[in-house]
Amino acid sequence: MTSGARAARTTVSVAATVSATLLIALAAFLGLQQQRDARGEGASTGGQHTQAAEELGSPDYGVCRGTSAKCYHDWGNFSPAADGYRVLLYTRTAGPRHANLGPALGAGLNPALADTNVVQNALVEMGREHGFTVDWTEDVTQLATPARLFRYNAVVFYSTSRDALNDAAQTSLRQYIRGGGGFAGIHNAFGTEYNWPWYEGLLGGANFYDHGPAQPGKVVAHNRRDSSTAGLPAHWDFSDEWYNLVPAPSKVRVLATVDESTLTEGVTGNQGHPGHGRDHPVAWCQYYDGGRAWLTTLGHDAAAFSTDGSFPGSEHFQRLLLGGIESAMGREPFCRAG
């Protein structure tokens with residue numbers, strides 16, 4: 001074969017390879033586009049982008065976490081048969097403060113409460129009615145040592161904000177969780193300690209990004225065998241801010257979501273988050289770094305603690321909260337599969 005013929009044959013071979021590669025790439029693109037069209041993604045309606053947020057992260061926090069009790073450390077740090085069940089409620093804010101927390105609290109443990117400290121009063125009453133003690137504080141020195149925290153079967157962060165912990169409290173919380181402690185993070189607990197990766201993992205690998213208008217929506221229970229969702233209806237009406245999250249929770253058991261189609265004022269947040277689509281979580285649980293963590297983004301409105309039927313879904317929210325706290329402190333089964 002002459003050199004000219006060999007060159008021509010090589011050119012044809014290269015061209016065929018390039019053409020085949022382009023066809024494969026085109027087929028893959030068209031297949032992906034068909035999948036996206038079938039899910040209704042990437043479309044626009046009236047100039048409003050409707051694609052749900054995707055690829056919101058599934059980071060590894062370097063600890064044992066997930067739905068397996070193998071990640072729990074039962075090291076004998078709690079004696080509820082002798083000491084009863086106790087919860088520490090922490091509501092310190094180092095940034096925006098939710099109105100349902102009322103005025104900032106004084107120093108120390110169990111400072112005086114005003115009637116407008118709705119959250120604190122409601123959880124103290126919840127404990128009283130259901131047989132466990134609730135202490136409350138916004139004094140970070142009350143979290144200064146693991147020994148102080150090990151007095152409590154669970155620590156509850158309710159709408160804390162920004163850098164609500166100093167270095168000593170961060171270390172204590174981590175050692176407490178590693179020793180089998182319980183944690184319940186409620187509403188703006190997700191707007192707390194943004195720059196501490198371990199805490200983000202404690203929240204289920206999730207963080208508050210933004211929210212759309214506060215409005216009514218329908219909560220969907222995905223697991224009605226868990227202690228926090230047992231006895232709740234499959235669907236219930238509620239009003240909230242419906243947090244959008246980045247990252248989205250991962251390696252957790254989702255207990256409830258919000259049906260975004262019921263949010264008539266839209267789900268897009270004030271910083272552009274387009275919502276989570278069909279899987280918009282509002283409550284979940286996990287074992288984390290030796291401890292138990294139960295989480296919900298619900299709980300914005302003071303009226304969620306009303307008992308007169310004036311706020312739709314308040315009784316269901318309170319039942320969800322009670323079961324979550326009791327399971328986090330080990331009084332009820334934790335993070336049960338549906």
# chains A, B, ... in the order shown; residues from 1 in each chain; ligands from 1
>>> residues_around(residues="region 228-235 of chain A", least_positions_apart="4", cutoff="7 Å", atoms="only C-alpha atoms", output="ChimeraX atom specification")
/A:218-221,223-224,316,319-324
>>> residues_around(residues="Gly330 (chain A)", least_positions_apart="6", cutoff="10 Å", atoms="only C-alpha atoms", output="PDB file with N, CA and C atoms, in the first residue's frame")
ATOM      1  N   PHE A  78     -26.386   7.936  81.111  1.00  0.00           N
ATOM      2  CA  PHE A  78     -27.696   8.412  81.546  1.00  0.00           C
ATOM      3  C   PHE A  78     -28.382   7.338  82.390  1.00  0.00           C
ATOM      4  N   PRO A  80     -32.037   7.310  83.586  1.00  0.00           N
ATOM      5  CA  PRO A  80     -33.379   7.875  83.745  1.00  0.00           C
ATOM      6  C   PRO A  80     -34.206   7.184  84.816  1.00  0.00           C
ATOM      7  N   TYR A  85     -36.210  11.941  83.381  1.00  0.00           N
ATOM      8  CA  TYR A  85     -35.816  12.482  82.086  1.00  0.00           C
ATOM      9  C   TYR A  85     -35.766  13.996  82.167  1.00  0.00           C
ATOM     10  N   ASN A 153     -30.975  14.316  79.120  1.00  0.00           N
ATOM     11  CA  ASN A 153     -31.129  13.238  78.151  1.00  0.00           C
ATOM     12  C   ASN A 153     -31.193  13.774  76.723  1.00  0.00           C
ATOM     13  N   ALA A 154     -31.541  15.050  76.580  1.00  0.00           N
ATOM     14  CA  ALA A 154     -31.522  15.675  75.260  1.00  0.00           C
ATOM     15  C   ALA A 154     -31.291  17.169  75.422  1.00  0.00           C
ATOM     16  N   GLY A 180     -23.384   9.635  73.576  1.00  0.00           N
ATOM     17  CA  GLY A 180     -24.729   9.077  73.510  1.00  0.00           C
ATOM     18  C   GLY A 180     -25.838  10.063  73.773  1.00  0.00           C
ATOM     19  N   GLY A 181     -25.526  11.354  73.742  1.00  0.00           N
ATOM     20  CA  GLY A 181     -26.541  12.367  74.015  1.00  0.00           C
ATOM     21  C   GLY A 181     -27.565  12.500  72.899  1.00  0.00           C
ATOM     22  N   GLY A 182     -28.680  13.141  73.235  1.00  0.00           N
ATOM     23  CA  GLY A 182     -29.739  13.384  72.266  1.00  0.00           C
ATOM     24  C   GLY A 182     -29.803  14.849  71.891  1.00  0.00           C
ATOM     25  N   ARG A 292     -28.051  10.754  69.088  1.00  0.00           N
ATOM     26  CA  ARG A 292     -29.306  10.747  68.342  1.00  0.00           C
ATOM     27  C   ARG A 292     -29.666  12.183  67.981  1.00  0.00           C
ATOM     28  N   GLY A 324     -40.661  13.779  68.831  1.00  0.00           N
ATOM     29  CA  GLY A 324     -39.273  13.949  68.439  1.00  0.00           C
ATOM     30  C   GLY A 324     -38.361  14.138  69.634  1.00  0.00           C
TER      31      GLY A 324
END
>>> select_by_dssp(residues="region 137-331 of chain A", states="alpha helix (DSSP H)", output="JSON, numbers by chain")
{"A": [146, 147, 148, 149, 167, 168, 169, 170, 171, 172, 173, 174, 175, 176, 177, 178, 197, 198, 199, 200, 201, 202, 314, 315, 316, 317, 318, 319, 320, 321, 322, 323, 324, 325, 326, 327, 328]}
>>> atom_distance(atom1="CA of Gly95 (chain A)", atom2="CA of Leu245 (chain A)")
18.6 Å
